[in-house]
$ cat final-v9.txt   # compact mmCIF, C-alpha atoms
# COMPACT_ATOMS: atom_id res chain seq x y z
CA MET T 1 13.29 6.61 -12.17
CA ALA T 2 14.35 10.03 -13.48
CA SER T 3 14.23 8.93 -17.14
CA HIS T 4 10.62 7.75 -16.80
CA SER T 5 9.15 10.33 -14.44
CA THR T 6 7.48 12.41 -17.16
CA ALA T 7 5.50 9.34 -18.25
CA LEU T 8 3.37 9.30 -15.09
CA LEU T 9 0.40 11.19 -16.48
CA SER T 10 0.49 9.21 -19.73
CA LEU T 11 0.56 5.92 -17.82
CA CYS T 12 -2.39 7.06 -15.71
CA GLU T 13 -4.31 7.93 -18.87
CA CYS T 14 -3.80 4.37 -20.07
CA LEU T 15 -4.92 3.00 -16.71
CA ARG T 16 -8.03 5.16 -17.01
CA GLY T 17 -8.81 3.62 -20.40
CA ALA T 18 -7.65 6.34 -22.80
CA ILE T 19 -4.80 6.56 -25.30
CA PRO T 20 -2.48 9.47 -24.40
CA GLN T 21 -1.44 11.96 -27.06
CA ARG T 22 2.01 11.31 -28.51
CA PRO T 23 2.92 8.62 -25.98
CA ASP T 24 6.54 7.63 -25.43
CA TRP T 25 5.86 3.92 -25.13
CA LEU T 26 9.36 3.03 -23.98
CA SER T 27 9.18 5.44 -21.05
CA LEU T 28 5.57 4.55 -20.30
CA ILE T 29 6.22 0.81 -20.14
CA GLY T 30 9.43 1.48 -18.22
CA LEU T 31 7.48 3.37 -15.57
CA ALA T 32 4.80 0.65 -15.49
CA ASN T 33 7.57 -1.87 -14.79
CA GLU T 34 9.04 0.28 -12.02
CA THR T 35 5.67 0.82 -10.37
CA LEU T 36 4.72 -2.87 -10.75
CA THR T 37 1.59 -1.93 -12.71
CA THR T 38 2.35 -3.52 -16.11
CA PRO T 39 -0.28 -6.30 -15.79
CA ALA T 40 -2.90 -3.66 -14.93
CA LEU T 41 -2.56 -2.37 -18.51
CA ILE T 42 -4.20 -5.53 -19.88
CA ASP T 43 -7.70 -4.01 -20.10
CA PHE T 44 -6.27 -1.01 -21.96
CA VAL T 45 -4.39 -3.29 -24.37
CA ASP T 46 -7.45 -5.45 -25.02
CA ARG T 47 -9.60 -2.38 -25.62
CA PHE T 48 -7.23 -0.65 -28.07
CA ASP T 49 -5.66 -3.74 -29.59
CA GLN T 50 -5.39 -2.45 -33.15
CA SER T 51 -4.28 1.05 -32.15
CA LEU T 52 -1.20 0.05 -30.17
CA PRO T 53 2.28 -1.04 -31.27
CA GLU T 54 2.54 -4.81 -31.55
CA ASP T 55 5.49 -5.02 -29.17
CA VAL T 56 3.53 -3.12 -26.49
CA ARG T 57 0.55 -5.46 -26.86
CA SER T 58 2.59 -8.64 -26.76
CA TYR T 59 4.74 -7.51 -23.84
CA VAL T 60 1.81 -6.52 -21.62
CA ARG T 61 -0.05 -9.75 -22.44
CA ASP T 62 3.02 -11.85 -21.71
CA ILE T 63 3.61 -10.17 -18.33
CA CYS T 64 -0.08 -10.49 -17.45
CA GLN T 65 -0.12 -14.18 -18.33
CA ARG T 66 3.02 -14.85 -16.29
CA ASN T 67 1.59 -12.89 -13.37
CA GLN T 68 -1.63 -14.90 -13.48
CA ILE T 69 0.38 -18.12 -13.20
CA ARG T 70 2.33 -16.68 -10.28
CA ASN T 71 -0.78 -15.46 -8.50
CA ASP T 72 -2.47 -18.83 -8.97
CA ARG T 73 0.47 -20.33 -7.09
CA LEU T 74 0.20 -17.64 -4.39
CA THR T 75 -3.52 -18.40 -4.07
CA ALA T 76 -2.77 -22.09 -3.55
CA GLN T 77 -0.11 -21.11 -1.04
CA ILE T 78 -2.44 -18.91 1.03
CA THR T 79 -5.17 -21.57 0.89
CA GLU T 80 -2.79 -24.20 2.29
CA ALA T 81 -1.46 -21.83 4.98
CA VAL T 82 -4.95 -20.84 6.16
CA ALA T 83 -5.99 -24.49 6.44
CA ALA T 84 -2.85 -25.33 8.46
CA LEU T 85 -3.47 -22.43 10.82
CA ASN T 86 -7.13 -23.38 11.23
CA ASP T 87 -6.11 -26.91 12.16
CA CYS T 88 -4.20 -25.41 15.10
CA GLY T 89 -7.09 -23.22 16.20
CA VAL T 90 -5.84 -20.00 14.58
CA THR T 91 -7.98 -17.92 12.24
CA PRO T 92 -5.70 -15.35 10.58
CA THR T 93 -6.60 -11.94 9.20
CA LEU T 94 -5.55 -11.42 5.58
CA LEU T 95 -3.92 -8.08 4.85
CA LYS T 96 -3.24 -6.16 1.65
CA GLY T 97 -2.60 -8.43 -1.35
CA ALA T 98 -3.54 -11.59 0.53
CA ALA T 99 -7.02 -10.16 1.00
CA THR T 100 -7.20 -9.40 -2.72
CA LEU T 101 -6.27 -12.97 -3.64
CA ALA T 102 -8.95 -14.28 -1.33
CA THR T 103 -11.80 -12.16 -2.66
CA ALA T 104 -11.13 -11.04 -6.25
CA PRO T 105 -12.23 -13.05 -9.29
CA ARG T 106 -9.37 -14.94 -10.93
CA ARG T 107 -9.45 -12.65 -13.98
CA ARG T 108 -8.87 -9.60 -11.78
CA ARG T 109 -6.19 -11.24 -9.68
CA ARG T 110 -3.93 -11.39 -12.72
CA THR T 111 -3.55 -7.61 -12.79
CA LYS T 112 -1.82 -7.31 -9.40
CA ILE T 113 1.87 -8.00 -8.85
CA MET T 114 2.55 -9.16 -5.31
CA ALA T 115 5.81 -9.68 -3.45
CA ASP T 116 4.54 -11.70 -0.49
CA LEU T 117 1.51 -12.72 1.56
CA ASP T 118 0.65 -10.72 4.68
CA LEU T 119 -1.15 -12.56 7.49
CA MET T 120 -1.93 -11.25 10.96
CA VAL T 121 -2.68 -13.26 14.10
CA GLU T 122 -3.28 -12.26 17.70
CA PRO T 123 -0.06 -11.75 19.72
CA ASP T 124 -0.76 -14.79 21.90
CA GLN T 125 -1.15 -16.93 18.76
CA VAL T 126 2.19 -16.11 17.18
CA ARG T 127 4.07 -19.15 18.50
CA THR T 128 1.25 -21.50 17.50
CA ALA T 129 1.07 -19.93 14.05
CA ILE T 130 4.81 -20.30 13.45
CA GLU T 131 4.70 -23.93 14.54
CA ALA T 132 1.72 -24.63 12.27
CA LEU T 133 3.49 -23.13 9.27
CA SER T 134 6.71 -24.93 10.17
CA ASP T 135 4.78 -28.21 10.08
CA ILE T 136 4.01 -27.65 6.37
CA GLY T 137 7.60 -26.81 5.51
CA TYR T 138 8.09 -23.13 6.25
CA ALA T 139 11.29 -21.85 7.84
CA ILE T 140 11.97 -18.42 9.33
CA ASP T 141 13.92 -16.26 6.89
CA SER T 142 14.04 -13.12 9.05
CA GLN T 143 12.39 -11.76 12.16
CA THR T 144 12.32 -8.37 13.87
CA PRO T 145 13.23 -8.12 17.58
CA ALA T 146 10.50 -9.37 19.91
CA ASP T 147 9.95 -5.90 21.41
CA SER T 148 9.53 -4.16 18.04
CA GLU T 149 6.44 -2.01 17.72
CA GLU T 150 5.87 -3.40 14.23
CA TRP T 151 6.95 -7.00 14.79
CA ARG T 152 6.87 -9.46 11.92
CA THR T 153 8.51 -12.66 10.81
CA ASP T 154 9.12 -13.71 7.21
CA LEU T 155 8.67 -17.41 6.46
CA LYS T 156 9.72 -19.16 3.27
CA ARG T 157 9.75 -22.49 1.43
CA SER T 158 11.96 -23.31 -1.51
CA GLN T 159 9.05 -24.34 -3.75
CA ASP T 160 7.03 -21.13 -3.28
CA VAL T 161 7.02 -17.94 -5.33
CA GLY T 162 6.57 -15.65 -2.33
CA MET T 163 7.15 -15.56 1.41
CA ILE T 164 4.56 -15.27 4.16
CA ASP T 165 4.90 -12.14 6.29
CA LEU T 166 3.39 -12.98 9.65
CA HIS T 167 2.28 -9.97 11.72
CA ARG T 168 0.80 -9.50 15.17
CA SER T 169 -0.41 -5.91 14.57
CA LEU T 170 -1.66 -3.73 11.74
CA PRO T 171 0.78 -1.77 9.52
CA GLY T 172 2.14 1.53 10.80
CA PRO T 173 2.05 3.05 14.30
CA ALA T 174 -0.75 1.71 16.51
CA TYR T 175 -1.83 5.31 17.18
CA PHE T 176 -3.53 5.51 13.77
CA TYR T 177 -5.98 2.75 14.73
CA SER T 178 -6.86 4.21 18.11
CA SER T 179 -10.32 5.38 17.07
CA SER T 180 -11.38 2.42 14.93
CA GLY T 181 -11.72 -0.31 17.55
CA HIS T 182 -10.54 -3.89 17.11
CA VAL T 183 -9.67 -4.97 13.60
CA LEU T 184 -12.21 -7.80 13.68
CA ASP T 185 -14.96 -5.20 14.04
CA HIS T 186 -14.18 -4.36 10.41
CA CYS T 187 -13.72 -7.89 9.02
CA GLN T 188 -15.83 -10.63 7.55
CA LEU T 189 -15.13 -14.31 8.12
CA THR T 190 -14.48 -15.65 4.62
CA SER T 191 -14.06 -19.15 3.24
CA ILE T 192 -10.60 -19.76 1.80
CA GLY T 193 -10.67 -23.19 0.21
CA PRO T 194 -11.38 -25.67 3.02
CA GLY T 195 -10.45 -23.12 5.67
CA SER T 196 -11.53 -19.65 6.74
CA ALA T 197 -9.89 -16.33 7.47
CA TYR T 198 -10.91 -12.81 8.37
CA VAL T 199 -10.91 -10.35 5.47
CA PRO T 200 -11.23 -6.60 6.11
CA THR T 201 -14.16 -4.80 4.53
CA PRO T 202 -13.32 -2.68 1.45
CA THR T 203 -13.54 0.49 3.54
CA TYR T 204 -11.13 -0.83 6.15
CA GLN T 205 -8.82 -2.23 3.48
CA ALA T 206 -8.66 1.27 2.01
CA PHE T 207 -7.74 2.67 5.42
CA LEU T 208 -5.07 -0.01 5.99
CA LEU T 209 -3.50 0.60 2.58
CA THR T 210 -3.38 4.31 3.25
CA ILE T 211 -1.74 3.99 6.66
CA HIS T 212 0.69 1.42 5.26
CA ASP T 213 1.80 3.68 2.40
CA GLN T 214 1.67 7.03 4.13
CA PHE T 215 3.29 6.12 7.46
CA GLN T 216 4.83 2.65 7.43
CA ASP T 217 6.41 3.36 4.04
CA TYR T 218 6.78 7.09 4.88
CA ASP T 219 5.21 8.24 1.59
CA TYR T 220 3.49 11.13 3.33
CA TRP T 221 6.77 12.49 4.62
CA VAL T 222 8.94 11.90 1.55
CA GLY T 223 6.26 12.66 -1.06
CA GLY T 224 6.02 9.22 -2.64
CA ILE T 225 3.33 7.76 -4.88
CA ASP T 226 2.44 4.06 -4.85
CA LEU T 227 0.51 3.73 -8.10
CA ARG T 228 -0.08 0.01 -7.59
CA HIS T 229 -1.91 0.67 -4.32
CA LEU T 230 -3.90 3.50 -5.89
CA LEU T 231 -5.13 0.89 -8.36
CA ASP T 232 -6.04 -1.31 -5.40
CA LEU T 233 -8.06 1.57 -3.94
CA ARG T 234 -9.85 2.02 -7.25
CA SER T 235 -10.72 -1.68 -7.28
CA LEU T 236 -12.09 -1.37 -3.76
CA THR T 237 -14.38 1.49 -4.84
CA ASP T 238 -15.66 -0.75 -7.67
CA SER T 239 -16.22 -3.79 -5.43
CA PRO T 240 -19.80 -4.86 -4.61
CA ASP T 241 -19.70 -3.29 -1.14
CA GLY T 242 -17.63 -0.31 -2.27
CA ILE T 243 -16.00 2.23 0.03
CA HIS T 244 -18.23 4.02 2.53
CA TRP T 245 -16.65 7.45 2.44
CA ASP T 246 -18.11 8.82 5.67
CA LEU T 247 -16.98 5.74 7.56
CA LEU T 248 -13.53 5.96 5.99
CA ALA T 249 -13.21 9.58 7.11
CA SER T 250 -14.27 8.66 10.64
CA LEU T 251 -11.44 6.12 10.97
CA ALA T 252 -8.77 8.84 10.91
CA PRO T 253 -7.95 9.61 14.58
CA SER T 254 -6.31 13.01 14.05
CA ARG T 255 -5.74 15.89 11.67
CA LEU T 256 -2.44 14.34 10.58
CA ALA T 257 -4.15 11.06 9.67
CA ARG T 258 -6.92 12.96 7.91
CA ASN T 259 -4.41 14.97 5.86
CA ALA T 260 -2.60 11.79 4.86
CA LEU T 261 -5.84 10.00 3.98
CA GLU T 262 -7.10 12.90 1.89
CA SER T 263 -3.71 13.28 0.15
CA GLN T 264 -4.12 9.69 -0.99
CA LEU T 265 -7.68 10.36 -2.13
CA VAL T 266 -6.64 13.47 -4.06
CA ALA T 267 -4.12 11.32 -5.94
CA LEU T 268 -6.80 8.69 -6.51
CA ALA T 269 -9.16 11.25 -8.00
CA GLU T 270 -6.61 13.21 -10.04
CA LEU T 271 -4.54 10.33 -11.41
CA LEU T 272 -7.13 7.59 -11.84
CA GLY T 273 -10.36 9.56 -12.15
CA VAL T 274 -12.14 7.97 -9.19
CA ASP T 275 -15.21 9.88 -8.02
CA VAL T 276 -14.17 10.89 -4.50
CA PRO T 277 -16.50 13.15 -2.47
CA LEU T 278 -15.45 16.78 -2.78
CA SER T 279 -15.28 17.13 0.99
CA MET T 280 -12.46 14.53 1.04
CA CYS T 281 -10.27 15.91 -1.74
CA SER T 282 -10.54 19.69 -1.60
CA ARG T 283 -8.65 20.90 1.47
CA PHE T 284 -5.46 22.93 1.06
CA ILE T 285 -2.79 20.74 2.68
CA PRO T 286 -3.80 17.45 0.97
CA ARG T 287 -3.94 19.16 -2.42
CA LEU T 288 -0.59 20.83 -1.80
CA GLN T 289 0.91 17.46 -0.87
CA PHE T 290 -0.37 16.04 -4.15
CA LYS T 291 1.18 18.90 -6.13
CA ARG T 292 4.43 18.21 -4.31
CA ARG T 293 4.31 14.58 -5.43
CA LEU T 294 3.76 15.55 -9.05
CA VAL T 295 6.71 17.96 -8.96
CA GLN T 296 8.93 15.29 -7.41
CA ALA T 297 7.83 12.74 -10.01
CA ARG T 298 8.84 15.11 -12.79
CA PHE T 299 11.95 16.50 -11.12
CA PRO T 300 13.34 13.91 -8.67
CA ILE T 301 16.01 16.31 -7.40
CA ALA T 302 13.17 18.39 -5.92
CA ARG T 303 12.67 15.68 -3.27
CA TRP T 304 15.33 17.29 -1.10
CA PRO T 305 14.06 20.90 -0.86
CA LEU T 306 10.45 19.70 -0.73
CA LEU T 307 11.14 17.73 2.45
CA ALA T 308 10.40 21.08 4.04
CA ALA T 309 6.72 20.33 3.34
CA THR T 310 6.76 18.13 6.44
CA VAL T 311 6.64 21.36 8.48
CA LEU T 312 3.03 21.77 7.36
CA ASP T 313 2.05 18.87 9.61
CA TYR T 314 4.59 19.18 12.38
CA ARG T 315 2.06 20.61 14.86
CA ASN T 316 -0.34 17.81 13.97
CA TYR T 317 2.46 15.29 14.45
CA ARG T 318 3.25 16.65 17.94
CA ARG T 319 -0.40 16.55 18.97
CA GLY T 320 -0.91 12.99 17.74
CA VAL T 321 1.90 10.51 17.21
CA GLY T 322 4.39 12.76 19.02
CA ALA T 323 2.16 12.86 22.09
CA GLU T 324 2.04 9.06 22.11
CA TYR T 325 5.83 8.89 22.01
CA ARG T 326 6.07 11.46 24.82
CA ARG T 327 3.82 9.37 27.02
CA ALA T 328 5.74 6.21 26.17
CA SER T 329 9.06 7.87 27.02
CA ARG T 330 7.62 9.63 30.09
CA CYS T 331 8.37 13.10 28.79
CA GLY T 332 5.24 14.49 30.38
CA ASN T 333 3.59 17.41 28.64
CA ALA T 334 6.64 18.69 26.80
CA THR T 335 5.40 20.74 23.86
CA TRP T 336 8.49 20.51 21.65
CA THR T 337 8.91 16.94 20.54
CA MET T 338 11.21 16.09 17.69
CA PRO T 339 10.68 12.84 15.81
CA ARG T 340 12.95 10.05 16.97
CA PRO T 341 16.48 10.25 15.49
CA GLU T 342 16.12 6.85 13.84
CA THR T 343 12.90 8.04 12.19
CA LEU T 344 14.58 11.16 10.79
CA TRP T 345 17.51 9.11 9.52
CA HIS T 346 15.14 6.61 7.90
CA ILE T 347 13.27 9.42 6.12
CA LEU T 348 16.56 10.78 4.75
CA GLU T 349 17.55 7.30 3.54
CA MET T 350 14.19 6.85 1.81
CA THR T 351 14.52 10.23 0.17
CA ALA T 352 17.95 9.31 -1.17
CA ASN T 353 17.18 5.78 -2.34
CA HIS T 354 14.88 4.53 -5.08
CA ARG T 355 12.20 2.23 -3.62
CA ILE T 356 10.69 -0.59 -5.65
CA GLY T 357 7.16 0.23 -6.71
CA LYS T 358 7.35 3.87 -5.67
CA ILE T 359 7.53 7.11 -7.61
$ encode --input "final-v9.txt" --output "structure tokens"
Amino acid sequence: MASHSTALLSLCECLRGAIPQRPDWLSLIGLANETLTTPALIDFVDRFDQSLPEDVRSYVRDICQRNQIRNDRLTAQITEAVAALNDCGVTPTLLKGAATLATAPRRRRRTKIMADLDLMVEPDQVRTAIEALSDIGYAIDSQTPADSEEWRTDLKRSQDVGMIDLHRSLPGPAYFYSSSGHVLDHCQLTSIGPGSAYVPTPTYQAFLLTIHDQFQDYDYWVGGIDLRHLLDLRSLTDSPDGIHWDLLASLAPSRLARNALESQLVALAELLGVDVPLSMCSRFIPRLQFKRRLVQARFPIARWPLLAATVLDYRNYRRGVGAEYRRASRCGNATWTMPRPETLWHILEMTANHRIGKI
């Protein structure tokens, strides 16, 4: 990652539809590979075909074509899985990339690299869902303990190009969804081949992606950038329904969630040029968090001293997520609540290790 970090702004220029000045194509394509955004360069390549090196054009087109074939197989896979679940009386909710496959035109699906398919069912439907998927050949590859807050099971088949991640709750701590009501309040029942599934609205998809990146993946704490998901957010703003910014802001249940959401929106505006309302990308802490991410992208060693930036939101953490943990552990009204030791250790591990798709 260190050898490609300076290419971030150049890569973002390409993704915005402009040729950067004096581009280092090797570093730029290297960073696109690391952030899983290479197929998203296809519009740029098609637009500036004669102005780009031939090896850059051919490489991006080859990756995009291969990704389209893979995503066609994933689309067939999700269509079959939804039909099998429906046959057992289960209507799943499609999350993240699975929702994109279900709703985006085929030409746009080719630009997104996906690792797996995320489906969510109600907790009392988990056993039925696993049995339904087992009946069409899936086997459990891994499963978190039954009492895990973020339970999931990964199911696989030898002939598929990706696994199904079956969830019973939304990504990240449940606290962050405390003010948004039930997930189905923000979904539309959508036809998926012969079956049907719930697909979150673009606004709620934007919120889910943000909570996933910022808190499940700990990007807010370690200062990470998920460029692939920023592209997803841009696509959501360009979708027919678009993102309703006031509604998106109202979904954040606390100042911590609002800071994390707006940090993501600052990155969206600054890196990809999306027109985000000024009220959602101008406050001090979110802009400071974005500056931190840029510094860390350019100088990866700065990740360690800049962990101190978490102090900016420690009071907000204690008043929100920390208060939930205090109640769960029956600590009463204690005012000094440290994050759980396993959480701190996980943050340190993520700071030390390179994560696929992250800057």
$ closest_residue --input "final-v9.txt" --among "T:Cys187, T:Cys14, T:Ala98, T:Ile192" --to "Thr79 of chain T" --atoms "only C-alpha atoms"
T:Ile192
$ closest_residue --input "final-v9.txt" --among "T:Leu74, T:Thr144, T:Leu41, T:Ser169" --to "Asp124 of chain T" --atoms "all atoms listed in the file"
T:Ser169
$ residues_near_point --input "final-v9.txt" --point "(6.0, 12.2, 1.0)" --cutoff "9 Å" --atoms "all atoms listed in the file" --output "list in words"
Gln214, Tyr218, Asp219, Tyr220, Trp221, Val222, Gly223, Gly224, Ile225, Gln289, Arg292, Arg293, Arg303, Leu306, Leu307, Ala309, Thr310 and Thr351 of chain T
$ atom_distance --input "final-v9.txt" --atom1 "atom CA of Ala83 of chain T" --atom2 "atom CA of Asp118 of chain T"
15.4 Å
$ closest_residue --input "final-v9.txt" --among "T:Asp116, T:Lys358, T:Tyr314, T:Leu256" --to "Asp213 of chain T" --atoms "all atoms listed in the file"
T:Lys358
$ atom_distance --input "final-v9.txt" --atom1 "atom CA of Ser134 of chain T" --atom2 "atom CA of Tyr198 of chain T"
21.5 Å
$ closest_residue --input "final-v9.txt" --among "T:Leu312, T:Cys12, T:Ala206, T:Val276" --to "Ala99 of chain T" --atoms "all atoms listed in the file"
T:Ala206
$ atom_distance --input "final-v9.txt" --atom1 "atom CA of Ala174 of chain T" --atom2 "atom CA of Glu149 of chain T"
8.2 Å
$ build_atoms --input "final-v9.txt" --residues "segment 287-310 of chain T" --atoms "N, CA, C and O atoms" --output "compact mmCIF listing (two decimals), keeping the file's coordinate frame"
# COMPACT_ATOMS: atom_id res chain seq x y z
N ARG T 287 -4.16 18.83 -1.02
CA ARG T 287 -3.94 19.16 -2.42
C ARG T 287 -2.51 19.65 -2.64
O ARG T 287 -1.90 19.36 -3.68
N LEU T 288 -1.97 20.38 -1.69
CA LEU T 288 -0.59 20.83 -1.80
C LEU T 288 0.37 19.63 -1.77
O LEU T 288 1.36 19.60 -2.52
N GLN T 289 0.08 18.66 -0.92
CA GLN T 289 0.91 17.46 -0.87
C GLN T 289 0.87 16.72 -2.21
O GLN T 289 1.89 16.17 -2.66
N PHE T 290 -0.29 16.69 -2.85
CA PHE T 290 -0.37 16.04 -4.15
C PHE T 290 0.45 16.79 -5.19
O PHE T 290 1.17 16.17 -5.99
N LYS T 291 0.37 18.11 -5.19
CA LYS T 291 1.18 18.90 -6.13
C LYS T 291 2.67 18.64 -5.89
O LYS T 291 3.46 18.56 -6.84
N ARG T 292 3.04 18.54 -4.63
CA ARG T 292 4.43 18.21 -4.31
C ARG T 292 4.84 16.89 -4.95
O ARG T 292 5.94 16.77 -5.52
N ARG T 293 3.98 15.89 -4.87
CA ARG T 293 4.31 14.58 -5.43
C ARG T 293 4.48 14.64 -6.94
O ARG T 293 5.38 14.00 -7.50
N LEU T 294 3.63 15.42 -7.61
CA LEU T 294 3.76 15.55 -9.05
C LEU T 294 5.08 16.22 -9.43
O LEU T 294 5.75 15.81 -10.37
N VAL T 295 5.44 17.26 -8.68
CA VAL T 295 6.71 17.96 -8.96
C VAL T 295 7.88 17.00 -8.76
O VAL T 295 8.81 16.95 -9.58
N GLN T 296 7.85 16.22 -7.69
CA GLN T 296 8.93 15.29 -7.41
C GLN T 296 9.00 14.18 -8.45
O GLN T 296 10.08 13.69 -8.77
N ALA T 297 7.84 13.77 -8.97
CA ALA T 297 7.83 12.74 -10.01
C ALA T 297 8.48 13.25 -11.28
O ALA T 297 9.19 12.51 -11.97
N ARG T 298 8.28 14.52 -11.57
CA ARG T 298 8.84 15.11 -12.79
C ARG T 298 10.29 15.52 -12.61
O ARG T 298 11.12 15.37 -13.51
N PHE T 299 10.60 16.03 -11.42
CA PHE T 299 11.95 16.50 -11.12
C PHE T 299 12.44 15.85 -9.83
O PHE T 299 12.29 16.42 -8.74
N PRO T 300 12.97 14.64 -9.89
CA PRO T 300 13.34 13.91 -8.67
C PRO T 300 14.27 14.68 -7.74
O PRO T 300 14.22 14.47 -6.52
N ILE T 301 15.10 15.56 -8.26
CA ILE T 301 16.01 16.31 -7.40
C ILE T 301 15.25 17.21 -6.43
O ILE T 301 15.76 17.61 -5.38
N ALA T 302 13.99 17.53 -6.78
CA ALA T 302 13.17 18.39 -5.92
C ALA T 302 12.77 17.70 -4.63
O ALA T 302 12.25 18.35 -3.71
N ARG T 303 13.01 16.38 -4.52
CA ARG T 303 12.67 15.68 -3.27
C ARG T 303 13.35 16.30 -2.07
O ARG T 303 12.78 16.34 -0.98
N TRP T 304 14.59 16.78 -2.25
CA TRP T 304 15.33 17.29 -1.10
C TRP T 304 14.76 18.60 -0.58
O TRP T 304 14.41 18.70 0.59
N PRO T 305 14.63 19.65 -1.42
CA PRO T 305 14.06 20.90 -0.86
C PRO T 305 12.61 20.74 -0.42
O PRO T 305 12.18 21.40 0.54
N LEU T 306 11.86 19.84 -1.08
CA LEU T 306 10.45 19.70 -0.73
C LEU T 306 10.22 18.86 0.52
O LEU T 306 9.09 18.73 0.97
N LEU T 307 11.29 18.34 1.12
CA LEU T 307 11.14 17.73 2.45
C LEU T 307 10.64 18.75 3.46
O LEU T 307 10.06 18.39 4.48
N ALA T 308 10.88 20.02 3.15
CA ALA T 308 10.40 21.08 4.04
C ALA T 308 8.88 21.07 4.17
O ALA T 308 8.33 21.64 5.13
N ALA T 309 8.19 20.41 3.26
CA ALA T 309 6.72 20.33 3.34
C ALA T 309 6.27 19.60 4.59
O ALA T 309 5.11 19.75 5.01
N THR T 310 7.15 18.83 5.21
CA THR T 310 6.76 18.13 6.44
C THR T 310 6.42 19.13 7.55
O THR T 310 5.68 18.79 8.48
